[in-house]
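Student: One file: work-v2.csv (CSV, C-alpha atoms and all ligand atoms).
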chain,number,residue,atom,x,y,z
Z,19,MET,CA,10.3,-3.1,30.6
Z,20,ALA,CA,8.7,-2.3,27.2
Z,21,VAL,CA,9.6,1.4,26.8
Z,22,PHE,CA,12.3,1.3,24.2
Z,23,THR,CA,12.3,5.0,23.5
Z,24,ALA,CA,12.2,7.3,26.5
Z,25,VAL,CA,9.9,10.3,26.5
Z,26,THR,CA,10.2,13.0,29.3
Z,27,LEU,CA,7.4,15.4,30.4
Z,28,ASP,CA,9.3,18.2,28.6
Z,29,ASP,CA,9.2,16.1,25.3
Z,30,LEU,CA,5.5,15.7,25.9
Z,31,THR,CA,4.9,19.4,26.6
Z,32,LEU,CA,6.5,20.2,23.3
Z,33,LEU,CA,4.6,17.5,21.4
Z,34,LEU,CA,1.2,18.6,22.8
Z,35,LYS,CA,1.7,22.1,21.5
Z,36,LYS,CA,0.5,20.6,18.2
Z,37,PHE,CA,-2.5,18.8,19.7
Z,38,PRO,CA,-5.9,20.1,21.0
Z,39,LEU,CA,-5.4,18.5,24.4
Z,40,GLY,CA,-4.3,21.4,26.5
Z,41,ASN,CA,-1.1,21.2,28.6
Z,42,ALA,CA,0.8,18.0,29.6
Z,43,ILE,CA,0.3,17.0,33.2
Z,44,GLY,CA,2.0,13.7,33.4
Z,45,ILE,CA,3.5,10.7,31.5
Z,46,LYS,CA,4.0,7.1,32.6
Z,47,GLY,CA,5.6,4.3,30.6
Z,48,ILE,CA,3.6,1.1,30.2
Z,49,SER,CA,5.6,-2.0,30.9
Z,50,SER,CA,3.6,-4.7,29.0
Z,51,GLY,CA,3.8,-5.1,25.2
Z,52,ILE,CA,6.7,-6.2,23.0
Z,53,GLU,CA,6.3,-4.2,19.8
Z,54,ASN,CA,6.1,-0.5,20.7
Z,55,SER,CA,6.9,2.0,23.4
Z,56,ASN,CA,3.6,2.9,25.1
Z,57,PHE,CA,2.8,5.6,27.6
Z,58,PHE,CA,-0.2,6.8,29.6
Z,59,ILE,CA,-0.4,10.5,29.3
Z,60,ASP,CA,-2.3,12.9,31.4
Z,61,THR,CA,-3.4,16.2,29.7
Z,62,GLU,CA,-5.8,19.0,30.6
Z,63,ARG,CA,-8.4,17.3,28.4
Z,64,GLY,CA,-8.1,13.8,30.0
Z,65,GLU,CA,-6.0,10.6,29.8
Z,66,TYR,CA,-4.7,9.3,26.5
Z,67,VAL,CA,-2.2,6.7,25.2
Z,68,LEU,CA,1.0,7.8,23.4
Z,69,THR,CA,2.6,5.1,21.2
Z,70,ILE,CA,6.0,5.3,19.6
Z,71,PHE,CA,6.2,2.7,16.8
Z,72,GLU,CA,9.5,0.9,17.0
Z,73,ASN,CA,9.1,-1.4,14.0
Z,74,LEU,CA,6.5,0.3,11.7
Z,75,SER,CA,7.3,3.1,9.2
Z,76,PHE,CA,5.5,6.3,8.5
Z,77,ALA,CA,4.2,4.8,5.3
Z,78,GLN,CA,2.7,1.7,7.0
Z,79,LEU,CA,0.8,3.6,9.8
Z,80,PRO,CA,-2.1,5.4,8.0
Z,81,PHE,CA,-3.9,2.1,7.3
Z,82,TYR,CA,-4.0,1.2,11.0
Z,83,LEU,CA,-4.8,4.7,12.4
Z,84,GLN,CA,-7.4,5.5,9.7
Z,85,LEU,CA,-9.0,2.2,10.3
Z,86,MET,CA,-9.2,2.9,14.1
Z,87,ARG,CA,-10.7,6.3,13.3
Z,88,HIS,CA,-13.2,4.8,10.8
Z,89,LEU,CA,-14.3,2.2,13.3
Z,90,ALA,CA,-14.5,4.6,16.3
Z,91,GLU,CA,-16.7,7.0,14.2
Z,92,ARG,CA,-19.1,4.1,13.6
Z,93,GLY,CA,-19.5,3.2,17.3
Z,94,VAL,CA,-17.1,0.2,17.4
Z,95,LEU,CA,-15.3,0.3,20.7
Z,96,VAL,CA,-11.6,1.0,19.7
Z,97,PRO,CA,-9.1,3.7,20.7
Z,98,ALA,CA,-9.9,6.9,18.7
Z,99,PRO,CA,-6.7,8.5,17.3
Z,100,VAL,CA,-6.4,12.2,18.0
Z,101,PRO,CA,-5.4,14.3,15.0
Z,102,ASP,CA,-2.9,17.2,15.5
Z,103,GLU,CA,-3.8,20.7,14.4
Z,104,ALA,CA,-2.7,19.9,10.9
Z,105,GLY,CA,-5.1,16.9,10.8
Z,106,GLU,CA,-2.2,14.4,11.0
Z,107,LEU,CA,-2.7,11.1,13.0
Z,108,VAL,CA,1.0,10.1,12.8
Z,109,VAL,CA,3.7,12.6,14.0
Z,110,PRO,CA,7.4,12.3,14.4
Z,111,LEU,CA,8.8,11.9,18.0
Z,112,HIS,CA,12.6,11.2,18.5
Z,113,GLY,CA,12.8,10.4,14.8
Z,114,LYS,CA,10.2,7.7,15.0
Z,115,PRO,CA,6.5,7.7,14.1
Z,116,ALA,CA,4.1,8.3,17.1
Z,117,ALA,CA,0.4,8.6,17.7
Z,118,ILE,CA,-2.0,9.6,20.5
Z,119,VAL,CA,-5.2,7.6,20.9
Z,120,SER,CA,-8.0,7.7,23.5
Z,121,LYS,CA,-7.4,5.5,26.6
Z,122,LEU,CA,-9.8,2.6,27.1
Z,123,GLU,CA,-11.2,1.9,30.5
Z,124,GLY,CA,-10.6,-1.4,32.3
Z,125,GLY,CA,-8.2,-4.2,32.0
Z,126,SER,CA,-7.6,-7.5,30.1
Z,127,GLN,CA,-9.8,-10.5,31.1
Z,128,MET,CA,-7.3,-13.3,31.1
Z,129,ALA,CA,-9.7,-16.0,32.4
Z,130,PRO,CA,-12.7,-15.5,30.1
Z,131,GLN,CA,-16.1,-17.0,30.8
Z,132,PRO,CA,-18.9,-17.5,28.1
Z,133,VAL,CA,-20.3,-14.0,28.9
Z,134,HIS,CA,-17.0,-12.4,28.0
Z,135,CYS,CA,-16.7,-14.5,24.8
Z,136,ALA,CA,-20.2,-13.5,23.8
Z,137,ALA,CA,-19.3,-9.8,24.2
Z,138,VAL,CA,-16.2,-10.4,22.0
Z,139,GLY,CA,-18.2,-12.2,19.4
Z,140,THR,CA,-20.8,-9.3,19.2
Z,141,MET,CA,-18.1,-6.6,18.9
Z,142,LEU,CA,-16.1,-8.6,16.4
Z,143,ALA,CA,-19.1,-9.0,14.0
Z,144,THR,CA,-20.0,-5.3,14.6
Z,145,MET,CA,-16.4,-4.4,13.7
Z,146,HIS,CA,-16.5,-6.5,10.5
Z,147,MET,CA,-19.8,-4.9,9.4
Z,148,ALA,CA,-18.5,-1.4,10.2
Z,149,GLY,CA,-15.3,-2.0,8.2
Z,150,ARG,CA,-17.1,-2.8,4.9
Z,151,ASP,CA,-16.9,0.8,3.6
Z,152,PHE,CA,-13.3,1.5,4.7
Z,153,ALA,CA,-11.5,2.8,1.7
Z,154,LEU,CA,-7.8,1.9,2.4
Z,155,GLN,CA,-6.5,-1.5,1.3
Z,156,GLN,CA,-3.6,-3.4,2.9
Z,157,PRO,CA,-3.3,-7.1,2.8
Z,158,ASN,CA,-2.9,-9.2,5.9
Z,159,LEU,CA,0.9,-9.0,6.1
Z,160,ARG,CA,0.9,-12.3,8.0
Z,161,GLY,CA,-1.1,-14.2,5.4
Z,162,LEU,CA,-0.4,-17.1,3.1
Z,163,ASP,CA,2.4,-15.2,1.2
Z,164,TRP,CA,4.2,-14.6,4.4
Z,165,TRP,CA,3.8,-18.2,5.5
Z,166,ASN,CA,5.3,-19.3,2.2
Z,167,ASP,CA,8.3,-17.0,2.6
Z,168,THR,CA,8.8,-17.9,6.3
Z,169,THR,CA,8.4,-21.7,6.1
Z,170,PRO,CA,11.8,-22.4,4.5
Z,171,LEU,CA,13.5,-20.0,7.0
Z,172,VAL,CA,12.3,-21.8,10.1
Z,173,LEU,CA,12.3,-25.4,8.7
Z,174,PRO,CA,16.1,-25.9,9.4
Z,175,PHE,CA,15.5,-25.3,13.1
Z,176,LEU,CA,12.8,-27.9,13.5
Z,177,ASP,CA,13.1,-31.6,14.4
Z,178,GLU,CA,11.8,-34.1,11.8
Z,179,ARG,CA,8.4,-34.5,13.5
Z,180,ASN,CA,7.6,-30.8,13.5
Z,181,ALA,CA,9.2,-30.2,10.0
Z,182,HIS,CA,6.8,-32.9,8.7
Z,183,LEU,CA,3.8,-31.1,10.4
Z,184,LEU,CA,4.8,-27.7,9.0
Z,185,ARG,CA,5.3,-29.1,5.4
Z,186,ALA,CA,2.1,-31.1,5.5
Z,187,GLU,CA,0.0,-28.1,6.9
Z,188,MET,CA,1.4,-25.7,4.3
Z,189,HIS,CA,0.4,-28.2,1.6
Z,190,PHE,CA,-3.1,-28.5,3.1
Z,191,GLN,CA,-3.5,-24.7,3.5
Z,192,SER,CA,-2.3,-24.0,-0.1
Z,193,ALA,CA,-5.0,-26.3,-1.3
Z,194,PHE,CA,-7.6,-24.8,1.0
Z,195,ALA,CA,-6.8,-21.2,-0.2
Z,196,ALA,CA,-7.3,-22.4,-3.8
Z,197,CYS,CA,-10.8,-24.0,-3.2
Z,198,ASP,CA,-14.2,-22.5,-4.2
Z,199,HIS,CA,-15.5,-22.1,-0.6
Z,200,TYR,CA,-12.4,-20.0,0.3
Z,201,HIS,CA,-12.9,-17.7,-2.7
Z,202,HIS,CA,-16.5,-17.0,-1.7
Z,203,LEU,CA,-15.7,-16.0,1.9
Z,204,GLY,CA,-16.6,-12.5,3.0
Z,205,ARG,CA,-13.6,-10.2,3.4
Z,206,GLY,CA,-12.7,-6.8,4.7
Z,207,PRO,CA,-10.4,-5.2,7.3
Z,208,ILE,CA,-9.8,-7.6,10.2
Z,209,HIS,CA,-7.9,-7.2,13.5
Z,210,ALA,CA,-6.0,-10.5,13.0
Z,211,ASP,CA,-4.5,-10.6,16.5
Z,212,LEU,CA,-7.6,-10.4,18.8
Z,213,PHE,CA,-6.1,-12.3,21.8
Z,214,ARG,CA,-7.2,-11.9,25.4
Z,215,ASN,CA,-4.5,-9.2,26.0
Z,216,ASN,CA,-5.9,-7.0,23.2
Z,217,VAL,CA,-9.4,-6.5,24.6
Z,218,MET,CA,-10.4,-4.4,27.6
Z,219,PHE,CA,-13.2,-5.3,30.0
Z,220,VAL,CA,-14.7,-3.6,33.1
Z,221,GLY,CA,-16.3,-6.6,34.8
Z,222,GLU,CA,-18.5,-8.3,32.1
Z,223,ARG,CA,-18.7,-5.1,30.0
Z,224,LEU,CA,-16.4,-5.0,27.0
Z,225,THR,CA,-14.8,-1.5,26.7
Z,226,GLY,CA,-12.7,-1.9,23.6
Z,227,PHE,CA,-10.5,-3.8,21.1
Z,228,PHE,CA,-6.9,-2.4,20.7
Z,229,ASP,CA,-3.5,-3.1,19.3
Z,230,PHE,CA,-4.5,-3.0,15.6
Z,231,TYR,CA,-1.0,-3.2,14.3
Z,232,PHE,CA,-1.4,-6.6,12.6
Z,233,ALA,CA,-4.7,-5.6,11.0
Z,234,GLY,CA,-5.1,-6.0,7.2
Z,235,CYS,CA,-7.7,-7.0,4.7
Z,236,ASP,CA,-8.5,-10.8,4.8
Z,237,THR,CA,-11.4,-13.1,5.3
Z,238,TRP,CA,-13.7,-12.3,8.3
Z,239,LEU,CA,-13.6,-16.0,9.1
Z,240,PHE,CA,-9.9,-15.9,9.7
Z,241,ASP,CA,-10.4,-13.2,12.3
Z,242,VAL,CA,-13.1,-15.4,14.0
Z,243,ALA,CA,-10.8,-18.4,14.0
Z,244,VAL,CA,-7.8,-16.4,15.5
Z,245,THR,CA,-10.1,-15.1,18.2
Z,246,VAL,CA,-11.7,-18.6,19.0
Z,247,ASN,CA,-8.2,-20.2,19.1
Z,248,ASP,CA,-7.3,-17.8,22.0
Z,249,TRP,CA,-10.5,-16.9,23.9
Z,250,CYS,CA,-12.2,-20.3,23.9
Z,251,ILE,CA,-9.4,-22.7,24.8
Z,252,ASP,CA,-7.9,-24.3,27.9
Z,253,LEU,CA,-4.5,-22.6,27.8
Z,254,GLY,CA,-2.6,-25.7,28.9
Z,255,SER,CA,-3.8,-28.1,26.3
Z,256,GLY,CA,-5.2,-25.9,23.5
Z,257,VAL,CA,-8.5,-27.9,23.7
Z,258,LEU,CA,-11.6,-25.9,22.9
Z,259,ASP,CA,-14.2,-25.3,25.6
Z,260,PRO,CA,-17.6,-25.9,23.8
Z,261,ALA,CA,-19.5,-23.4,26.1
Z,262,ARG,CA,-17.2,-20.6,25.3
Z,263,VAL,CA,-17.0,-21.4,21.6
Z,264,ARG,CA,-20.8,-21.6,21.4
Z,265,ALA,CA,-21.2,-18.2,23.2
Z,266,LEU,CA,-18.7,-16.4,20.9
Z,267,LEU,CA,-20.1,-17.9,17.7
Z,268,ASP,CA,-23.8,-17.5,18.5
Z,269,ALA,CA,-23.2,-13.8,19.5
Z,270,TYR,CA,-21.2,-13.2,16.3
Z,271,HIS,CA,-23.9,-14.9,14.1
Z,272,ALA,CA,-26.7,-12.8,15.7
Z,273,VAL,CA,-25.0,-9.7,14.2
Z,274,ARG,CA,-23.5,-11.1,11.0
Z,275,PRO,CA,-24.9,-14.5,10.1
Z,276,PHE,CA,-22.4,-17.0,8.9
Z,277,THR,CA,-22.7,-18.2,5.3
Z,278,ALA,CA,-22.7,-21.8,3.9
Z,279,ASP,CA,-19.2,-21.2,2.5
Z,280,GLU,CA,-18.0,-20.1,6.0
Z,281,GLN,CA,-19.5,-23.2,7.5
Z,282,ALA,CA,-17.6,-25.4,5.0
Z,283,ALA,CA,-14.4,-23.5,5.6
Z,284,TRP,CA,-14.5,-23.4,9.4
Z,285,GLN,CA,-12.3,-26.4,10.4
Z,286,PRO,CA,-9.5,-25.6,7.9
Z,287,MET,CA,-9.7,-22.0,9.0
Z,288,LEU,CA,-9.1,-22.9,12.6
Z,289,ARG,CA,-6.0,-24.8,11.5
Z,290,ALA,CA,-4.9,-21.8,9.4
Z,291,ALA,CA,-5.2,-19.5,12.4
Z,292,ALA,CA,-3.1,-21.8,14.5
Z,293,LEU,CA,-0.5,-22.2,11.8
Z,294,ARG,CA,-0.1,-18.4,11.5
Z,295,PHE,CA,0.9,-18.0,15.1
Z,296,TRP,CA,3.0,-21.1,15.2
Z,297,LEU,CA,5.0,-19.7,12.3
Z,298,SER,CA,5.3,-16.2,13.7
Z,299,ARG,CA,6.4,-17.5,17.0
Z,300,LEU,CA,9.0,-19.8,15.4
Z,301,TYR,CA,10.2,-16.9,13.3
Z,302,ASP,CA,10.6,-14.6,16.3
Z,303,LEU,CA,12.3,-17.3,18.3
Z,304,TYR,CA,14.9,-18.4,15.7
Z,305,LEU,CA,15.2,-15.2,13.6
Z,306,PRO,CA,14.8,-12.4,16.1
Z,307,ARG,CA,14.8,-8.8,14.7
Z,308,GLU,CA,17.3,-6.3,16.0
Z,309,ALA,CA,14.6,-4.1,17.6
Z,310,GLU,CA,13.1,-7.0,19.5
Z,311,MET,CA,14.2,-7.0,23.1
Z,312,LEU,CA,11.9,-9.2,25.1
Z,313,THR,CA,11.5,-12.9,25.5
Z,314,PRO,CA,9.6,-14.3,22.5
Z,315,HIS,CA,6.3,-16.2,22.9
Z,316,ASP,CA,6.4,-20.0,23.1
Z,317,PRO,CA,5.8,-21.6,19.7
Z,318,THR,CA,4.9,-25.0,21.2
Z,319,HIS,CA,1.6,-23.5,22.4
Z,320,PHE,CA,0.4,-23.1,18.8
Z,321,GLU,CA,2.0,-26.4,17.6
Z,322,ARG,CA,-0.2,-28.0,20.2
Z,323,ILE,CA,-3.3,-26.1,19.1
Z,324,LEU,CA,-2.6,-27.0,15.4
Z,325,ARG,CA,-2.2,-30.7,16.2
Z,326,GLU,CA,-5.4,-30.6,18.3
Z,327,ARG,CA,-7.4,-28.8,15.5
Z,328,ILE,CA,-6.2,-31.5,13.1
Z,329,ALA,CA,-7.1,-34.3,15.4
Z,330,THR,CA,-10.4,-33.1,16.8
Z,331,PRO,CA,-13.2,-31.3,14.9
Z,332,ALA,CA,-14.3,-28.1,16.6
Z,333,PRO,CA,-17.9,-27.2,17.4
Z,334,GLY,CA,-19.6,-26.0,14.2
Z,335,LEU,CA,-20.3,-22.4,13.3
Z,336,LEU,CA,-24.0,-22.9,13.9
Z,337,ALA,CA,-25.5,-24.6,16.9
X,1,LIG,N1,-5.8,2.7,24.0
X,1,LIG,C1,-5.4,2.1,25.1
X,1,LIG,N2,-6.2,2.2,26.3
X,1,LIG,C2,-5.8,1.7,27.4
X,1,LIG,N3,-4.7,0.9,27.6
X,1,LIG,C3,-3.9,0.7,26.5
X,1,LIG,C4,-4.2,1.3,25.2
X,1,LIG,N4,-3.3,0.9,24.3
X,1,LIG,C5,-2.4,0.2,25.0
X,1,LIG,N5,-2.7,0.1,26.3
X,1,LIG,C6,-2.0,-0.6,27.4
X,1,LIG,O1,-0.7,-0.8,26.9
X,1,LIG,C7,-0.3,-2.2,26.9
X,1,LIG,C8,0.6,-2.5,25.7
X,1,LIG,O2,-0.1,-2.1,24.5
X,1,LIG,P1,0.0,-3.0,23.2
X,1,LIG,O3,-0.5,-4.4,23.5
X,1,LIG,O4,-0.7,-2.3,22.1
X,1,LIG,O5,1.6,-3.0,23.0
X,1,LIG,P2,2.5,-3.7,22.0
X,1,LIG,O6,3.9,-3.3,22.2
X,1,LIG,O7,1.9,-3.5,20.6
X,1,LIG,O8,2.3,-5.2,22.5
X,1,LIG,P3,2.0,-6.6,21.9
X,1,LIG,O9,2.3,-6.6,20.4
X,1,LIG,O10,2.9,-7.5,22.7
X,1,LIG,O11,0.6,-6.9,22.2
X,1,LIG,C9,-1.6,-2.9,26.9
X,1,LIG,O12,-1.5,-4.2,27.5
X,1,LIG,C10,-2.5,-2.0,27.7
X,1,LIG,O13,-2.4,-2.2,29.0
X,2,LIG,N1,-0.7,-12.4,19.7
X,2,LIG,C1,0.7,-12.7,19.2
X,2,LIG,C2,1.7,-11.7,19.5
X,2,LIG,C3,1.7,-10.5,18.6
X,2,LIG,O1,0.8,-9.5,19.2
X,2,LIG,C4,1.1,-14.1,19.8
X,2,LIG,O2,0.6,-14.4,20.9
X,2,LIG,O3,1.9,-14.7,19.2
In structure tokens, how does this file's structure come out?
Ligand SMILES: Nc1ncnc2c1ncn2[C@@H]1O[C@H](COP(=O)(O)OP(=O)(O)OP(=O)(O)O)[C@@H](O)[C@H]1O
Ligand SMILES: N[C@@H](CCO)C(=O)O
Tutor:
Amino acid sequence: MAVFTAVTLDDLTLLLKKFPLGNAIGIKGISSGIENSNFFIDTERGEYVLTIFENLSFAQLPFYLQLMRHLAERGVLVPAPVPDEAGELVVPLHGKPAAIVSKLEGGSQMAPQPVHCAAVGTMLATMHMAGRDFALQQPNLRGLDWWNDTTPLVLPFLDERNAHLLRAEMHFQSAFAACDHYHHLGRGPIHADLFRNNVMFVGERLTGFFDFYFAGCDTWLFDVAVTVNDWCIDLGSGVLDPARVRALLDAYHAVRPFTADEQAAWQPMLRAAALRFWLSRLYDLYLPREAEMLTPHDPTHFERILRERIATPAPGLLA
């Protein structure tokens, strides 16, 4: 159960007095998700999602919610935050920050085919283009600096074989981040966590990207690599499916063509994207935060993906 903070219909009735959504009709806790308390809410104006942020502060939230608003206004399919009558996107609820956003239709596609990957590639490139004039800046908080801080914390828990892999990959990624190709990569706001469970579909029609709470400014190619490492693999082995990779990359390229620097950076970037989630999963497993109440994700999944990306070159960015 992933509702950490309870909200009653009376609480909602009081909260909605400040929003242009009419009266509250119903509220239902959403059981999936491990970061926040989420609720489907029914109002006189329709259905919305109420989120209470369990780990993010009032100061951190404007970047995410303004980004969602910026993208929604430009036709990118993402939940649109609803401002209260004072124009605020983040409001207090039970002493924690909360927001109301539009509800996306559909459900997650957990067994994607090339057609779904192509839809994700198109929307990802559209999102990157639409984010170019977004004014707020926030680094990817799970980027190289965080990897450098986290590596010594998790190393004591690893056996020698994995400790060696982690040290060697950090060495490789530090050199990659210092190279010319890397510095010439296009950058902007990225989702940074665009897994299968963060995209909605109705059949083959993509209805939206959501869960923007790891978003930050970083290279667009990192976002592509994170997405390919989840959408285009066999989940058991981590091996890439060439048909799904091709569908996603070709669709992306048709909206925002890949550059020569991106082509040169592709293989190391896939390793970087695998390392990022191996490290965060190790961190959540061995150094859980107080507010974290559910079973952490399995780190060995991303250890396998990292070893696979090192051993086997992925299909190139261009066909
Ligand atoms: N805007 C939305 N429209 C429709 N459904 C939503 C929306 N936002 C969240 N949900 C539903 O709530 C569930 C949990 O949301 P979300 O993944 O953002 O939670 P979380 O606690 O941040 O989880 P995690 O970090 O584990 O992905 C989603 O799987 C989805 O079913
Ligand atoms: N997508 C992340 C969880 C954070 O949303 C993972 O699978 O490790």
Student: So that I can check the surroundings of His199 (chain Z), please list as a list in words every protein, DNA and RNA residue that reaches within 8 Å of it, counting only C-alpha atoms and ignoring chain neighbours fewer than 5 positions away.
Tutor: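 Here the qualifying residues turn out to be Asp279, Glu280, Ala282 and Ala283 of chain Z.
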Student: Would you put the residues from that selection into a file with C-alpha atoms, as a CSV table (one decimal), keeping the file's coordinate frame?
Tutor:
chain,number,residue,atom,x,y,z
Z,279,ASP,CA,-19.2,-21.2,2.5
Z,280,GLU,CA,-18.0,-20.1,6.0
Z,282,ALA,CA,-17.6,-25.4,5.0
Z,283,ALA,CA,-14.4,-23.5,5.6
Student: If you take all atoms listed in the file and a cut-off of 12 Å, which residues of chain Z touch ligand LIG 2 (chain X), and what are their nearest atom pairs and distances in Å to one decimal, in chain and number order, as CSV?
Tutor:
residue,atom,partner,partner_atom,distance
Z:Ser50,CA,X:LIG2,O1,11.3
Z:Gly51,CA,X:LIG2,O1,8.0
Z:Ile52,CA,X:LIG2,O1,7.8
Z:Glu53,CA,X:LIG2,O1,7.7
Z:Asn54,CA,X:LIG2,O1,10.6
Z:Arg160,CA,X:LIG2,C3,10.8
Z:His209,CA,X:LIG2,O1,10.7
Z:Ala210,CA,X:LIG2,N1,8.8
Z:Asp211,CA,X:LIG2,N1,5.3
Z:Leu212,CA,X:LIG2,N1,7.2
Z:Phe213,CA,X:LIG2,N1,5.8
Z:Arg214,CA,X:LIG2,N1,8.7
Z:Asn215,CA,X:LIG2,N1,8.0
Z:Asn216,CA,X:LIG2,O1,8.2
Z:Val217,CA,X:LIG2,N1,11.6
Z:Phe228,CA,X:LIG2,O1,10.6
Z:Asp229,CA,X:LIG2,O1,7.7
Z:Phe230,CA,X:LIG2,O1,9.1
Z:Tyr231,CA,X:LIG2,O1,8.2
Z:Phe232,CA,X:LIG2,O1,7.5
Z:Ala233,CA,X:LIG2,O1,10.6
Z:Val244,CA,X:LIG2,N1,9.2
Z:Thr245,CA,X:LIG2,N1,9.9
Z:Asn247,CA,X:LIG2,O2,10.7
Z:Asp248,CA,X:LIG2,O2,8.7
Z:Trp249,CA,X:LIG2,N1,11.6
Z:Leu253,CA,X:LIG2,O2,11.9
Z:Ala291,CA,X:LIG2,O3,10.9
Z:Ala292,CA,X:LIG2,O3,9.9
Z:Leu293,CA,X:LIG2,O3,10.8
Z:Arg294,CA,X:LIG2,O3,8.8
Z:Phe295,CA,X:LIG2,O3,5.4
Z:Trp296,CA,X:LIG2,O3,7.6
Z:Leu297,CA,X:LIG2,O3,9.1
Z:Ser298,CA,X:LIG2,O3,6.6
Z:Arg299,CA,X:LIG2,O3,5.7
Z:Leu300,CA,X:LIG2,O3,9.5
Z:Tyr301,CA,X:LIG2,O3,10.4
Z:Asp302,CA,X:LIG2,O3,9.2
Z:Leu303,CA,X:LIG2,O3,10.8
Z:Glu310,CA,X:LIG2,C3,12.0
Z:Leu312,CA,X:LIG2,C2,11.9
Z:Thr313,CA,X:LIG2,C2,11.6
Z:Pro314,CA,X:LIG2,O3,8.4
Z:His315,CA,X:LIG2,O3,5.9
Z:Asp316,CA,X:LIG2,O3,8.0
Z:Pro317,CA,X:LIG2,O3,7.9
Z:Thr318,CA,X:LIG2,O3,10.9
Z:His319,CA,X:LIG2,O2,9.3
Z:Phe320,CA,X:LIG2,O3,8.5
Z:Glu321,CA,X:LIG2,O3,11.8
Student: Under the rule that all atoms listed in the file are counted, which of Z:Leu74, Z:Ala278, Z:Leu173, Z:Ala98 is the nearest residue to Lys114 (chain Z)?
Tutor: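 Of Z:Leu74, Z:Ala278, Z:Leu173, Z:Ala98, the one nearest Lys114 (chain Z) is Z:Leu74, counting all atoms listed in the file.
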Student: Could you tell me which of Z:Asp151, Z:Asp259, Z:Glu187, Z:Asp28 comes closest to Thr169 (chain Z) if we count all atoms listed in the file?
Tutor: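 With all atoms listed in the file as the atom set, the closest residue is Z:Glu187.
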Student: Between CA of Asn73 (chain Z) and CA of Pro306 (chain Z), what is the spacing in Å?
Tutor: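 Between CA of Pro306 (chain Z) and CA of Asn73 (chain Z) the gap is 12.6 Å.
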Student: Can you work out the spacing between CA of His146 (chain Z) and CA of Ile118 (chain Z) in Å, to one decimal?
Tutor: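 Straight-line distance from CA of His146 (chain Z) to CA of Ile118 (chain Z) works out to 23.9 Å.
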Student: May I have the residues within 8 Å of region 110-112 of chain Z as a PyMOL selection string, using only C-alpha atoms and disregarding those fewer than 5 positions away in the same chain?
Tutor: chain Z and resi 23+33+70
Student: Output C-alpha atoms for every residue in that selection, as an mmCIF file, keeping the file's coordinate frame.
Tutor:
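Generated output (again_29.cif):
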data_model
loop_
_atom_site.group_PDB
_atom_site.id
_atom_site.type_symbol
_atom_site.label_atom_id
_atom_site.label_comp_id
_atom_site.auth_asym_id
_atom_site.auth_seq_id
_atom_site.Cartn_x
_atom_site.Cartn_y
_atom_site.Cartn_z
ATOM 1 C CA THR Z 23 12.300 5.000 23.500
ATOM 2 C CA LEU Z 33 4.600 17.500 21.400
ATOM 3 C CA ILE Z 70 6.000 5.300 19.600
#
Student: Dump as JSON lines the rows for residues of region 25-142 of chain Z within 8 Å of region 267-275 of chain Z: closest atom pair and distance in Å with one decimal, all atoms listed in the file counted, ordered by chain and rising residue number.
Tutor:
{"residue": "Z:Ala136", "atom": "CA", "partner": "Z:Ala269", "partner_atom": "CA", "distance": 5.3}
{"residue": "Z:Ala137", "atom": "CA", "partner": "Z:Ala269", "partner_atom": "CA", "distance": 7.3}
{"residue": "Z:Gly139", "atom": "CA", "partner": "Z:Tyr270", "partner_atom": "CA", "distance": 4.4}
{"residue": "Z:Thr140", "atom": "CA", "partner": "Z:Tyr270", "partner_atom": "CA", "distance": 4.9}
{"residue": "Z:Met141", "atom": "CA", "partner": "Z:Tyr270", "partner_atom": "CA", "distance": 7.7}
{"residue": "Z:Leu142", "atom": "CA", "partner": "Z:Tyr270", "partner_atom": "CA", "distance": 6.9}
Student: Taking the block just given, write region 77-93 of chain Z to a file that holds C-alpha atoms, as a JSON list (two decimals), in the first residue's frame.
Tutor:
[["chain", "number", "residue", "atom", "x", "y", "z"],
["Z", 77, "ALA", "CA", 11.63, 24.46, -2.38],
["Z", 78, "GLN", "CA", 12.34, 21.53, -4.73],
["Z", 79, "LEU", "CA", 8.87, 21.21, -6.25],
["Z", 80, "PRO", "CA", 8.44, 24.29, -8.49],
["Z", 81, "PHE", "CA", 11.00, 22.95, -10.98],
["Z", 82, "TYR", "CA", 8.99, 19.75, -11.57],
["Z", 83, "LEU", "CA", 5.52, 21.28, -11.60],
["Z", 84, "GLN", "CA", 6.47, 24.32, -13.70],
["Z", 85, "LEU", "CA", 8.18, 21.95, -16.14],
["Z", 86, "MET", "CA", 5.02, 19.85, -16.43],
["Z", 87, "ARG", "CA", 2.97, 23.00, -16.98],
["Z", 88, "HIS", "CA", 5.44, 24.29, -19.60],
["Z", 89, "LEU", "CA", 5.34, 20.99, -21.48],
["Z", 90, "ALA", "CA", 1.56, 20.59, -21.25],
["Z", 91, "GLU", "CA", 1.09, 24.11, -22.65],
["Z", 92, "ARG", "CA", 3.22, 23.10, -25.64],
["Z", 93, "GLY", "CA", 1.20, 20.02, -26.48]]
